[in-house]
$ cat data27.csv   # CSV, C-alpha atoms and all ligand atoms
chain,number,residue,atom,x,y,z
A,1,MET,CA,9.1,-8.8,-21.5
A,2,GLN,CA,7.1,-10.6,-18.8
A,3,PHE,CA,4.0,-9.5,-17.0
A,4,ILE,CA,5.3,-11.0,-13.8
A,5,ASP,CA,8.9,-12.2,-13.8
A,6,LEU,CA,9.3,-15.2,-11.5
A,7,LYS,CA,12.4,-16.5,-13.3
A,8,THR,CA,14.7,-13.6,-12.2
A,9,GLN,CA,13.5,-14.0,-8.6
A,10,GLN,CA,14.2,-17.8,-8.8
A,11,LYS,CA,17.7,-17.2,-10.2
A,12,ARG,CA,18.4,-15.0,-7.2
A,13,ILE,CA,17.4,-17.5,-4.6
A,14,ARG,CA,17.9,-20.8,-6.5
A,15,ASN,CA,20.7,-22.2,-4.3
A,16,ASN,CA,18.8,-21.6,-1.1
A,17,LEU,CA,15.6,-23.0,-2.6
A,18,GLU,CA,17.4,-26.2,-3.6
A,19,SER,CA,18.9,-26.6,-0.1
A,20,ARG,CA,15.4,-26.1,1.5
A,21,LEU,CA,13.9,-28.7,-0.9
A,22,ARG,CA,16.7,-31.1,-0.2
A,23,VAL,CA,16.0,-30.9,3.5
A,24,VAL,CA,12.3,-31.8,2.8
A,25,LEU,CA,13.2,-34.7,0.6
A,26,ASP,CA,15.6,-36.0,3.3
A,27,HIS,CA,13.1,-35.8,6.2
A,28,GLY,CA,10.1,-36.9,4.0
A,29,LYS,CA,7.4,-35.2,6.1
A,30,TYR,CA,5.5,-34.0,3.1
A,31,ILE,CA,2.3,-33.3,5.0
A,32,MET,CA,2.6,-30.9,8.0
A,33,GLY,CA,6.4,-31.1,8.1
A,34,PRO,CA,8.5,-28.8,10.3
A,35,GLU,CA,8.7,-26.1,7.5
A,36,VAL,CA,4.9,-25.6,7.8
A,37,PHE,CA,5.1,-24.7,11.5
A,38,GLU,CA,8.2,-22.6,10.9
A,39,LEU,CA,6.4,-20.7,8.2
A,40,GLU,CA,3.3,-20.2,10.2
A,41,GLU,CA,5.3,-18.7,13.0
A,42,LYS,CA,7.3,-16.4,10.7
A,43,LEU,CA,4.1,-15.2,8.9
A,44,ALA,CA,2.3,-14.4,12.1
A,45,ASP,CA,5.3,-12.5,13.2
A,46,TYR,CA,5.5,-10.6,9.9
A,47,VAL,CA,1.8,-9.7,9.9
A,48,GLY,CA,1.8,-8.9,13.6
A,49,VAL,CA,-1.0,-11.3,14.8
A,50,LYS,CA,-1.1,-14.1,17.3
A,51,HIS,CA,-2.0,-17.0,15.0
A,52,CYS,CA,-1.4,-18.0,11.4
A,53,ILE,CA,-2.9,-21.1,9.8
A,54,SER,CA,-1.3,-22.0,6.5
A,55,CYS,CA,-3.7,-23.7,4.0
A,56,SER,CA,-4.1,-25.0,0.5
A,57,SER,CA,-5.1,-21.8,-1.4
A,58,GLY,CA,-6.4,-18.3,-1.0
A,59,THR,CA,-9.9,-19.6,-1.7
A,60,ASP,CA,-9.7,-22.1,1.1
A,61,ALA,CA,-8.3,-19.4,3.3
A,62,LEU,CA,-11.7,-17.6,2.8
A,63,LEU,CA,-13.8,-20.8,3.0
A,64,ILE,CA,-12.3,-22.1,6.3
A,65,PRO,CA,-13.2,-19.1,8.4
A,66,LEU,CA,-16.8,-19.1,7.0
A,67,LEU,CA,-17.2,-22.8,7.8
A,68,ALA,CA,-15.7,-22.3,11.3
A,69,LYS,CA,-18.1,-19.4,12.0
A,70,GLY,CA,-21.0,-21.6,10.9
A,71,ILE,CA,-22.1,-19.3,8.1
A,72,GLY,CA,-24.8,-20.9,6.0
A,73,VAL,CA,-28.2,-20.7,4.4
A,74,GLY,CA,-30.2,-17.6,5.4
A,75,ASP,CA,-27.0,-15.6,6.1
A,76,ALA,CA,-25.9,-12.6,4.1
A,77,ILE,CA,-22.2,-11.5,3.6
A,78,ILE,CA,-21.4,-8.1,2.3
A,79,THR,CA,-18.6,-7.7,-0.2
A,80,THR,CA,-17.4,-5.9,-3.3
A,81,PRO,CA,-18.4,-6.8,-6.9
A,82,PHE,CA,-15.0,-5.7,-8.2
A,83,THR,CA,-12.8,-8.6,-7.2
A,84,TYR,CA,-11.8,-12.1,-8.3
A,85,ILE,CA,-14.6,-14.7,-8.2
A,86,ALA,CA,-13.2,-16.5,-5.2
A,87,THR,CA,-14.3,-13.8,-2.8
A,88,ALA,CA,-18.0,-14.2,-3.5
A,89,GLU,CA,-17.8,-17.9,-4.5
A,90,VAL,CA,-17.0,-19.0,-1.0
A,91,ILE,CA,-20.1,-17.2,0.3
A,92,ALA,CA,-22.3,-19.2,-2.1
A,93,LEU,CA,-20.3,-22.4,-1.4
A,94,VAL,CA,-21.4,-22.3,2.3
A,95,GLY,CA,-25.0,-21.6,1.2
A,96,ALA,CA,-25.0,-17.9,2.2
A,97,THR,CA,-25.9,-14.9,-0.1
A,98,PRO,CA,-23.4,-12.3,-1.3
A,99,ILE,CA,-24.7,-8.7,-1.0
A,100,PHE,CA,-22.5,-6.3,-3.0
A,101,VAL,CA,-21.6,-2.7,-2.4
A,102,ASP,CA,-20.0,-0.5,-4.9
A,103,ILE,CA,-16.4,0.7,-4.9
A,104,TYR,CA,-14.5,4.0,-4.7
A,105,PRO,CA,-13.5,5.2,-8.2
A,106,GLU,CA,-10.1,6.2,-6.9
A,107,THR,CA,-8.9,3.1,-5.1
A,108,TYR,CA,-11.3,0.4,-6.6
A,109,ASN,CA,-11.8,-0.8,-3.0
A,110,MET,CA,-15.2,-1.2,-1.2
A,111,ASN,CA,-16.9,2.1,-0.4
A,112,PRO,CA,-18.0,1.6,3.3
A,113,GLU,CA,-20.8,4.1,2.8
A,114,GLY,CA,-22.7,1.4,0.9
A,115,ILE,CA,-22.7,-1.1,3.8
A,116,GLU,CA,-25.7,0.3,5.7
A,117,GLY,CA,-27.8,0.1,2.6
A,118,ALA,CA,-26.6,-3.5,2.0
A,119,ILE,CA,-27.6,-4.5,5.5
A,120,LYS,CA,-31.1,-3.1,4.9
A,121,GLN,CA,-31.3,-4.9,1.6
A,122,ALA,CA,-30.3,-8.2,3.2
A,123,LYS,CA,-32.9,-7.8,5.9
A,124,SER,CA,-35.6,-6.9,3.4
A,125,LYS,CA,-34.8,-10.3,1.7
A,126,GLY,CA,-35.3,-12.1,5.0
A,127,LEU,CA,-31.5,-12.7,5.3
A,128,ASN,CA,-29.3,-12.4,8.4
A,129,PRO,CA,-26.3,-10.1,7.7
A,130,LYS,CA,-23.4,-11.8,9.4
A,131,ALA,CA,-20.1,-10.6,7.9
A,132,ILE,CA,-18.2,-8.2,5.6
A,133,ILE,CA,-15.5,-9.4,3.3
A,134,PRO,CA,-13.5,-6.3,2.2
A,135,VAL,CA,-10.8,-6.9,-0.5
A,136,ASP,CA,-7.4,-5.3,-0.6
A,137,LEU,CA,-7.5,-4.9,-4.3
A,138,PHE,CA,-4.3,-4.8,-6.4
A,139,GLY,CA,-2.3,-4.7,-3.1
A,140,LEU,CA,-4.0,-1.7,-1.5
A,141,PRO,CA,-5.7,-2.3,1.9
A,142,ALA,CA,-9.4,-1.4,2.0
A,143,ARG,CA,-10.7,1.4,4.3
A,144,TYR,CA,-10.7,-0.6,7.5
A,145,ARG,CA,-11.2,2.2,10.1
A,146,MET,CA,-14.6,3.0,8.6
A,147,ILE,CA,-15.5,-0.6,7.8
A,148,GLU,CA,-14.6,-1.6,11.4
A,149,GLU,CA,-16.8,1.1,12.9
A,150,ILE,CA,-19.9,0.0,10.9
A,151,ALA,CA,-19.2,-3.7,11.6
A,152,LYS,CA,-19.1,-3.0,15.3
A,153,LYS,CA,-22.4,-1.1,15.2
A,154,HIS,CA,-24.1,-4.0,13.4
A,155,ASN,CA,-22.3,-6.8,15.1
A,156,LEU,CA,-20.8,-8.1,11.9
A,157,PHE,CA,-17.5,-10.0,11.7
A,158,ILE,CA,-14.9,-8.9,9.2
A,159,LEU,CA,-12.9,-11.3,7.0
A,160,GLU,CA,-10.2,-9.4,5.3
A,161,ASP,CA,-9.4,-10.8,1.8
A,162,ALA,CA,-5.7,-10.0,1.6
A,163,ALA,CA,-5.0,-12.4,-1.3
A,164,GLN,CA,-3.6,-9.4,-3.2
A,165,GLY,CA,-2.9,-7.1,-0.3
A,166,PHE,CA,-0.2,-9.1,1.5
A,167,GLY,CA,2.7,-6.7,2.1
A,168,GLY,CA,0.4,-3.6,2.1
A,169,GLU,CA,0.0,-1.5,5.2
A,170,ILE,CA,-2.1,1.3,6.8
A,171,GLY,CA,-0.1,3.5,9.1
A,172,GLY,CA,2.4,0.7,9.6
A,173,LYS,CA,-0.2,-1.9,10.4
A,174,ARG,CA,0.1,-4.8,7.9
A,175,ALA,CA,-2.5,-6.3,5.6
A,176,GLY,CA,-3.5,-9.7,7.2
A,177,SER,CA,-4.1,-8.0,10.5
A,178,PHE,CA,-7.3,-6.2,9.8
A,179,GLY,CA,-10.8,-7.3,10.9
A,180,ASP,CA,-11.5,-10.4,13.0
A,181,VAL,CA,-9.8,-12.8,10.6
A,182,SER,CA,-7.8,-12.4,7.4
A,183,SER,CA,-6.9,-14.6,4.5
A,184,THR,CA,-4.2,-14.5,1.8
A,185,SER,CA,-3.1,-16.4,-1.3
A,186,PHE,CA,0.3,-17.7,-2.3
A,187,PHE,CA,-0.7,-18.3,-5.9
A,188,PRO,CA,2.6,-18.0,-7.8
A,189,ALA,CA,1.7,-14.5,-9.3
A,190,LYS,CA,0.7,-13.0,-5.9
A,191,PRO,CA,3.2,-10.6,-4.1
A,192,LEU,CA,4.3,-13.5,-2.0
A,193,GLY,CA,3.8,-16.6,-4.1
A,194,CYS,CA,4.8,-20.3,-3.9
A,195,TYR,CA,5.3,-22.8,-6.8
A,196,GLY,CA,1.7,-24.1,-6.7
A,197,ASP,CA,-1.4,-23.3,-4.7
A,198,GLY,CA,-1.2,-22.1,-1.2
A,199,GLY,CA,-2.7,-19.7,1.3
A,200,ALA,CA,-2.8,-18.5,4.9
A,201,ILE,CA,-5.3,-17.3,7.5
A,202,PHE,CA,-4.5,-14.9,10.3
A,203,THR,CA,-6.3,-14.1,13.5
A,204,ASN,CA,-5.8,-13.0,17.2
A,205,ASP,CA,-8.9,-15.0,18.2
A,206,ASP,CA,-7.8,-17.9,20.4
A,207,GLU,CA,-11.1,-19.8,20.0
A,208,LEU,CA,-11.6,-19.3,16.3
A,209,VAL,CA,-8.1,-20.5,15.6
A,210,ASN,CA,-8.8,-23.9,17.0
A,211,LEU,CA,-12.1,-24.2,15.1
A,212,MET,CA,-10.3,-23.2,11.9
A,213,ARG,CA,-7.5,-25.7,12.5
A,214,SER,CA,-10.1,-28.4,12.9
A,215,VAL,CA,-11.9,-27.3,9.7
A,216,ARG,CA,-8.6,-27.4,7.8
A,217,VAL,CA,-8.3,-31.1,8.4
A,218,HIS,CA,-11.8,-32.6,7.9
A,219,GLY,CA,-13.3,-31.1,11.0
A,220,SER,CA,-11.0,-33.2,13.2
A,221,GLY,CA,-11.4,-33.5,17.0
A,222,GLU,CA,-8.9,-35.4,19.0
A,223,ASP,CA,-7.2,-36.6,15.8
A,224,LYS,CA,-8.1,-36.7,12.1
A,225,TYR,CA,-10.1,-39.9,12.6
A,226,ASP,CA,-12.3,-38.2,15.2
A,227,ASN,CA,-14.5,-35.9,13.2
A,228,VAL,CA,-16.7,-33.3,15.0
A,229,ARG,CA,-17.7,-30.9,12.2
A,230,ILE,CA,-17.7,-30.6,8.5
A,231,GLY,CA,-14.3,-29.5,7.2
A,232,ILE,CA,-12.1,-29.8,4.1
A,233,ASN,CA,-8.7,-31.1,3.1
A,234,GLY,CA,-7.0,-27.7,3.3
A,235,ARG,CA,-3.4,-28.1,4.4
A,236,LEU,CA,-0.4,-26.4,2.8
A,237,ASP,CA,2.2,-28.8,1.4
A,238,THR,CA,5.5,-28.9,3.2
A,239,ILE,CA,7.4,-28.4,-0.1
A,240,GLN,CA,5.4,-25.1,-0.7
A,241,ALA,CA,6.1,-24.0,2.9
A,242,ALA,CA,9.9,-24.6,2.3
A,243,ILE,CA,9.7,-22.4,-0.9
A,244,LEU,CA,7.7,-19.7,0.9
A,245,LEU,CA,10.3,-19.5,3.7
A,246,GLU,CA,13.0,-18.6,1.2
A,247,LYS,CA,10.7,-16.1,-0.6
A,248,LEU,CA,9.6,-14.5,2.7
A,249,SER,CA,13.3,-13.8,3.5
A,250,ILE,CA,13.5,-11.4,0.6
A,251,PHE,CA,9.9,-10.2,0.6
A,252,ASP,CA,9.6,-7.2,2.8
A,253,ALA,CA,12.8,-5.2,3.0
A,254,ASP,CA,13.5,-6.1,-0.6
A,255,GLU,CA,10.7,-7.0,-2.9
A,256,VAL,CA,7.9,-4.9,-1.5
A,257,GLU,CA,10.3,-1.9,-1.7
A,258,LEU,CA,11.3,-2.7,-5.2
A,259,ARG,CA,7.7,-2.9,-6.3
A,260,ASN,CA,7.1,0.5,-4.7
A,261,LYS,CA,10.0,1.9,-6.7
A,262,VAL,CA,8.6,0.5,-9.9
A,263,ALA,CA,5.2,2.0,-9.1
A,264,ASP,CA,6.7,5.4,-8.3
A,265,TYR,CA,8.6,5.4,-11.6
A,266,TYR,CA,5.4,4.7,-13.5
A,267,LYS,CA,3.5,7.4,-11.6
A,268,GLN,CA,6.2,10.0,-12.2
A,269,ASN,CA,6.5,9.3,-15.9
A,270,LEU,CA,3.1,8.3,-17.2
A,271,ASN,CA,1.0,11.0,-18.7
A,272,ASN,CA,-1.9,12.2,-16.5
A,273,ASP,CA,-4.6,11.4,-18.9
A,274,LEU,CA,-4.0,7.7,-18.2
A,275,LYS,CA,-5.2,7.7,-14.6
A,276,SER,CA,-2.5,6.0,-12.4
A,277,PRO,CA,-3.5,4.3,-9.1
A,278,PHE,CA,-4.3,6.4,-6.1
A,279,VAL,CA,-2.7,5.5,-2.8
A,280,PRO,CA,-4.3,7.4,0.2
A,281,LYS,CA,-2.1,9.1,2.8
A,282,ASN,CA,-0.6,6.6,5.3
A,283,TYR,CA,-1.5,3.6,3.1
A,284,LYS,CA,1.1,1.4,1.4
A,285,SER,CA,0.4,-0.9,-1.5
A,286,SER,CA,2.2,-4.1,-2.2
A,287,TRP,CA,1.4,-3.6,-5.9
A,288,ALA,CA,0.0,-7.0,-6.8
A,289,GLN,CA,-1.0,-5.1,-10.0
A,290,PHE,CA,-0.3,-1.7,-11.5
A,291,SER,CA,-3.7,-0.8,-13.1
A,292,ILE,CA,-4.5,2.2,-15.1
A,293,LEU,CA,-7.6,3.7,-16.5
A,294,ALA,CA,-8.3,4.6,-20.2
A,295,GLU,CA,-10.9,7.1,-21.1
A,296,SER,CA,-13.2,4.5,-22.6
A,297,SER,CA,-13.3,0.8,-23.4
A,298,GLU,CA,-12.5,1.6,-27.1
A,299,GLU,CA,-9.4,3.5,-26.0
A,300,ARG,CA,-8.4,0.6,-23.7
A,301,GLU,CA,-8.6,-1.8,-26.6
A,302,GLU,CA,-6.5,0.5,-28.8
A,303,ILE,CA,-3.9,0.9,-26.0
A,304,MET,CA,-3.7,-2.8,-25.3
A,305,PHE,CA,-3.3,-3.5,-29.0
A,306,LYS,CA,-0.4,-1.1,-29.3
A,307,LEU,CA,1.2,-2.6,-26.2
A,308,LYS,CA,0.9,-6.0,-27.8
A,309,GLU,CA,2.4,-4.8,-31.0
A,310,ASN,CA,5.4,-3.7,-29.0
A,311,ASP,CA,5.7,-7.1,-27.2
A,312,ILE,CA,4.4,-5.6,-23.9
A,313,PRO,CA,1.9,-7.8,-22.1
A,314,SER,CA,-1.1,-6.3,-20.4
A,315,MET,CA,-4.2,-7.8,-18.7
A,316,ILE,CA,-7.7,-6.8,-17.6
A,317,TYR,CA,-8.6,-7.3,-14.0
A,318,TYR,CA,-11.6,-7.5,-14.1
A,319,ARG,CA,-13.7,-7.3,-17.2
A,320,ILE,CA,-17.0,-8.5,-15.6
A,321,PRO,CA,-17.9,-7.3,-12.1
A,322,LEU,CA,-19.3,-10.2,-10.0
A,323,HIS,CA,-22.9,-9.0,-9.9
A,324,LEU,CA,-23.0,-9.4,-13.7
A,325,GLN,CA,-21.3,-12.8,-13.8
A,326,LYS,CA,-23.5,-15.6,-15.2
A,327,VAL,CA,-23.0,-17.7,-12.1
A,328,PHE,CA,-24.6,-15.0,-9.9
A,329,LYS,CA,-27.6,-14.4,-12.2
A,330,THR,CA,-30.0,-15.9,-9.7
A,331,LEU,CA,-29.0,-13.1,-7.2
A,332,GLY,CA,-31.1,-10.8,-9.4
A,333,TYR,CA,-28.7,-7.9,-10.0
A,334,GLU,CA,-28.8,-5.9,-13.2
A,335,ILE,CA,-26.6,-3.6,-15.3
A,336,GLY,CA,-26.5,-0.2,-13.5
A,337,ASP,CA,-26.7,-1.6,-10.0
A,338,PHE,CA,-23.1,-0.8,-9.3
A,339,PRO,CA,-22.2,2.0,-11.8
A,340,ILE,CA,-18.7,2.6,-10.5
A,341,SER,CA,-17.6,-1.0,-10.7
A,342,GLU,CA,-19.2,-1.3,-14.1
A,343,ASP,CA,-17.5,1.9,-15.4
A,344,ILE,CA,-14.0,0.8,-14.0
A,345,ALA,CA,-14.4,-2.7,-15.5
A,346,ASN,CA,-14.9,-1.1,-18.9
A,347,ARG,CA,-11.8,1.0,-18.8
A,348,ILE,CA,-9.2,-0.6,-16.5
A,349,PHE,CA,-6.1,-2.5,-17.6
A,350,SER,CA,-2.9,-3.7,-15.9
A,351,ILE,CA,0.7,-3.4,-17.1
A,352,PRO,CA,3.8,-5.3,-16.1
A,353,MET,CA,4.6,-5.1,-12.4
A,354,HIS,CA,7.2,-7.1,-10.5
A,355,PRO,CA,10.2,-6.3,-8.3
A,356,TYR,CA,12.7,-7.0,-11.2
A,357,LEU,CA,11.3,-4.8,-13.9
A,358,SER,CA,14.2,-2.9,-15.4
A,359,ASN,CA,14.2,0.9,-16.0
A,360,LYS,CA,14.8,0.1,-19.7
A,361,ASP,CA,11.7,-2.0,-19.9
A,362,GLN,CA,9.7,0.5,-17.9
A,363,ASP,CA,10.9,3.3,-20.2
A,364,LYS,CA,9.7,1.3,-23.2
A,365,ILE,CA,6.2,0.7,-21.6
A,366,ILE,CA,6.0,4.4,-20.7
A,367,ARG,CA,7.0,5.5,-24.2
A,368,VAL,CA,4.3,3.4,-25.8
A,369,LEU,CA,1.6,4.5,-23.3
A,370,ASN,CA,2.6,8.2,-23.5
A,371,ASN,CA,2.6,8.0,-27.3
A,372,ASP,CA,6.2,9.5,-27.4
B,401,LIG,C1,-9.1,-11.1,-4.2
B,401,LIG,C2,-8.8,-12.5,-4.3
B,401,LIG,N1,-9.4,-13.3,-3.4
B,401,LIG,C3,-9.1,-14.7,-3.4
B,401,LIG,C4,-8.3,-15.3,-4.4
B,401,LIG,C5,-8.1,-16.7,-4.4
B,401,LIG,O1,-6.8,-17.2,-4.2
B,401,LIG,P1,-6.4,-18.6,-4.8
B,401,LIG,O2,-6.2,-18.5,-6.2
B,401,LIG,O3,-5.0,-18.8,-4.1
B,401,LIG,O4,-7.4,-19.6,-4.4
B,401,LIG,C6,-7.6,-14.5,-5.3
B,401,LIG,C7,-6.7,-15.0,-6.3
B,401,LIG,O5,-6.6,-14.5,-7.4
B,401,LIG,C8,-7.9,-13.0,-5.3
B,401,LIG,O6,-7.3,-12.2,-6.1
$ encode --input "data27.csv" --output "structure tokens"
Amino acid sequence: MQFIDLKTQQKRIRNNLESRLRVVLDHGKYIMGPEVFELEEKLADYVGVKHCISCSSGTDALLIPLLAKGIGVGDAIITTPFTYIATAEVIALVGATPIFVDIYPETYNMNPEGIEGAIKQAKSKGLNPKAIIPVDLFGLPARYRMIEEIAKKHNLFILEDAAQGFGGEIGGKRAGSFGDVSSTSFFPAKPLGCYGDGGAIFTNDDELVNLMRSVRVHGSGEDKYDNVRIGINGRLDTIQAAILLEKLSIFDADEVELRNKVADYYKQNLNNDLKSPFVPKNYKSSWAQFSILAESSEEREEIMFKLKENDIPSMIYYRIPLHLQKVFKTLGYEIGDFPISEDIANRIFSIPMHPYLSNKDQDKIIRVLNND
């Protein structure tokens, strides 16, 4: 059994993928070929925003807006400690300081009630709070209505980290369209993944989009040999764009729905003592992960061992919250600073989740987890 089954998906679209790749091999425009522009248009359309900039990874999709906004030394960016390292790493990469706020125990997403305190804390350290990076963890969008209210009050810009959330929605509004600018990842295991590294940025801001396009190619001005600001080499390969165009064609109506069916089946059949993920009313998850909670870290180890004995893969996202990662030791956080993130990190684990998970495999997973 696979944790994420990319082979079945590939089999389904193999002929179309091969035709797409043949076209790229024939025209030979490996950098910024026509598929890149076609994809950007289709992605912007899907998300429901004016502009999409494809780029080299989900990490660069976070880095590019921060560089374009001129975030740097002396600035503070508020985010969650319960996420993948990239979310906070980009803050440190531009010289700014991450300030963490704890999460909701139900959704594992940032609790906006912590933001005001984080702003005060940043100011007390002599830092300038500039932005919030909420994360759509495991496919579920963060609580944007509240986050947007607070951001407006304090003049902060919002960078949505939709690396996992792509395909999720709040009241029909899609992940990738929240905040001032949004980023996603096309890492192969993500809900919409390519066959390498890739990412995209979304915004309705006509000025910011030009700055970000410039940052994506070495801070280019008139052309790439006219350099007006510091940027990166952050383009998406044409070959990856071609692959994404085919995958996008089966993504929404098909794969996101199938993921939701798999999630519903887990929720209906797993015993209540293993806490299943909570999806608030009007929210839709794209189920980047299906993560459940054990009673304790000891019980988690036992359950994961039992799953392994039955050839069922499972993973832990995330064992160490970012404020306790060695790399962020200099920030001065301690155990106990974000008790909900720490508690969840001790008990959470993820089980197989992909659109092609069979009922038979799900029944086996459920049987093992329920001790039947
Ligand atoms: C929440 C989050 N942000 C950012 C990233 C970075 O994306 P990438 O691996 O494409 O650079 C990831 C990838 O796992 C992620 O999960």
$ residues_around --input "data27.csv" --residues "Ser214 (chain A)" --least-positions-apart "3" --cutoff "12 Å" --atoms "only C-alpha atoms" --output "compact mmCIF listing (two decimals) with C-alpha atoms, in the frame of the given file"
# COMPACT_ATOMS: atom_id res chain seq x y z
CA ILE A 53 -2.90 -21.10 9.80
CA CYS A 55 -3.70 -23.70 4.00
CA ILE A 64 -12.30 -22.10 6.30
CA PRO A 65 -13.20 -19.10 8.40
CA LEU A 67 -17.20 -22.80 7.80
CA ALA A 68 -15.70 -22.30 11.30
CA GLU A 207 -11.10 -19.80 20.00
CA LEU A 208 -11.60 -19.30 16.30
CA VAL A 209 -8.10 -20.50 15.60
CA ASN A 210 -8.80 -23.90 17.00
CA LEU A 211 -12.10 -24.20 15.10
CA VAL A 217 -8.30 -31.10 8.40
CA HIS A 218 -11.80 -32.60 7.90
CA GLY A 219 -13.30 -31.10 11.00
CA SER A 220 -11.00 -33.20 13.20
CA GLY A 221 -11.40 -33.50 17.00
CA GLU A 222 -8.90 -35.40 19.00
CA ASP A 223 -7.20 -36.60 15.80
CA LYS A 224 -8.10 -36.70 12.10
CA TYR A 225 -10.10 -39.90 12.60
CA ASP A 226 -12.30 -38.20 15.20
CA ASN A 227 -14.50 -35.90 13.20
CA VAL A 228 -16.70 -33.30 15.00
CA ARG A 229 -17.70 -30.90 12.20
CA ILE A 230 -17.70 -30.60 8.50
CA GLY A 231 -14.30 -29.50 7.20
CA ILE A 232 -12.10 -29.80 4.10
CA ASN A 233 -8.70 -31.10 3.10
CA GLY A 234 -7.00 -27.70 3.30
CA ARG A 235 -3.40 -28.10 4.40
$ residues_near_point --input "data27.csv" --point "(-1.1, -18.2, -1.8)" --cutoff "6 Å" --atoms "all atoms listed in the file" --output "list in words"
Ser57, Gly58, Ser185, Phe186, Phe187, Gly193, Asp197, Gly198 and Gly199 of chain A
$ atom_distance --input "data27.csv" --atom1 "CA of Asp161 (chain A)" --atom2 "CA of Lys329 (chain A)"
23.2 Å
$ residues_near_ligand --input "data27.csv" --ligand "ligand LIG 401 (chain B)" --cutoff "10 Å" --atoms "all atoms listed in the file" --output "ChimeraX atom specification"
/A:55-63,80,82-90,133-139,160-165,183-190,193-194,196-200,288,317
$ residues_near_point --input "data27.csv" --point "(9.1, -25.2, 8.6)" --cutoff "8 Å" --atoms "all atoms listed in the file" --output "MDAnalysis selection string"
chainID A and resid 33:40 238 241:242 245
$ write_last_selection --input "data27.csv" --atoms "C-alpha atoms" --output "compact mmCIF listing (two decimals), in the frame of the given file"
# COMPACT_ATOMS: atom_id res chain seq x y z
CA GLY A 33 6.40 -31.10 8.10
CA PRO A 34 8.50 -28.80 10.30
CA GLU A 35 8.70 -26.10 7.50
CA VAL A 36 4.90 -25.60 7.80
CA PHE A 37 5.10 -24.70 11.50
CA GLU A 38 8.20 -22.60 10.90
CA LEU A 39 6.40 -20.70 8.20
CA GLU A 40 3.30 -20.20 10.20
CA THR A 238 5.50 -28.90 3.20
CA ALA A 241 6.10 -24.00 2.90
CA ALA A 242 9.90 -24.60 2.30
CA LEU A 245 10.30 -19.50 3.70
$ residues_around --input "data27.csv" --residues "Phe290 (chain A)" --least-positions-apart "5" --cutoff "7 Å" --atoms "only C-alpha atoms" --output "mmCIF file with C-alpha atoms, in the frame of the given file"
data_model
loop_
_atom_site.group_PDB
_atom_site.id
_atom_site.type_symbol
_atom_site.label_atom_id
_atom_site.label_comp_id
_atom_site.auth_asym_id
_atom_site.auth_seq_id
_atom_site.Cartn_x
_atom_site.Cartn_y
_atom_site.Cartn_z
ATOM 1 C CA SER A 350 -2.900 -3.700 -15.900
ATOM 2 C CA ILE A 351 0.700 -3.400 -17.100
ATOM 3 C CA MET A 353 4.600 -5.100 -12.400
#
$ residues_around --input "data27.csv" --residues "region 293-300 of chain A" --least-positions-apart "6" --cutoff "12 Å" --atoms "all atoms listed in the file" --output "VMD selection string"
chain A and resid 105 to 108 270 to 278 306 to 307 314 to 317 319 342 to 351 369 to 370
$ closest_residue --input "data27.csv" --among "A:Lys284, A:Arg367, A:Arg213, A:Lys7" --to "Ser54 (chain A)" --atoms "all atoms listed in the file"
A:Arg213
$ closest_residue --input "data27.csv" --among "A:Pro355, A:Gly332, A:Pro112, A:Pro141" --to "Phe3 (chain A)" --atoms "only C-alpha atoms"
A:Pro355
$ build_atoms --input "data27.csv" --residues "region 67-76 of chain A" --atoms "N, CA and C atoms" --output "compact mmCIF listing (two decimals), in the coordinates of the input"
# COMPACT_ATOMS: atom_id res chain seq x y z
N LEU A 67 -16.72 -21.51 7.28
CA LEU A 67 -17.20 -22.80 7.80
C LEU A 67 -17.03 -22.81 9.35
N ALA A 68 -15.91 -22.29 9.83
CA ALA A 68 -15.70 -22.30 11.30
C ALA A 68 -16.68 -21.42 12.02
N LYS A 69 -17.13 -20.35 11.35
CA LYS A 69 -18.10 -19.40 12.00
C LYS A 69 -19.54 -19.97 11.81
N GLY A 70 -19.70 -21.07 11.09
CA GLY A 70 -21.00 -21.60 10.90
C GLY A 70 -21.93 -20.83 10.02
N ILE A 71 -21.33 -20.06 9.10
CA ILE A 71 -22.10 -19.30 8.10
C ILE A 71 -22.82 -20.24 7.18
N GLY A 72 -24.08 -19.98 6.87
CA GLY A 72 -24.80 -20.90 6.00
C GLY A 72 -26.05 -20.29 5.39
N VAL A 73 -26.98 -21.16 5.05
CA VAL A 73 -28.20 -20.70 4.40
C VAL A 73 -28.97 -19.73 5.27
N GLY A 74 -29.43 -18.66 4.64
CA GLY A 74 -30.20 -17.60 5.40
C GLY A 74 -29.27 -16.48 5.84
N ASP A 75 -27.95 -16.66 5.72
CA ASP A 75 -27.00 -15.60 6.10
C ASP A 75 -26.62 -14.76 4.88
N ALA A 76 -26.33 -13.49 5.15
CA ALA A 76 -25.90 -12.60 4.10
C ALA A 76 -24.45 -12.13 4.42
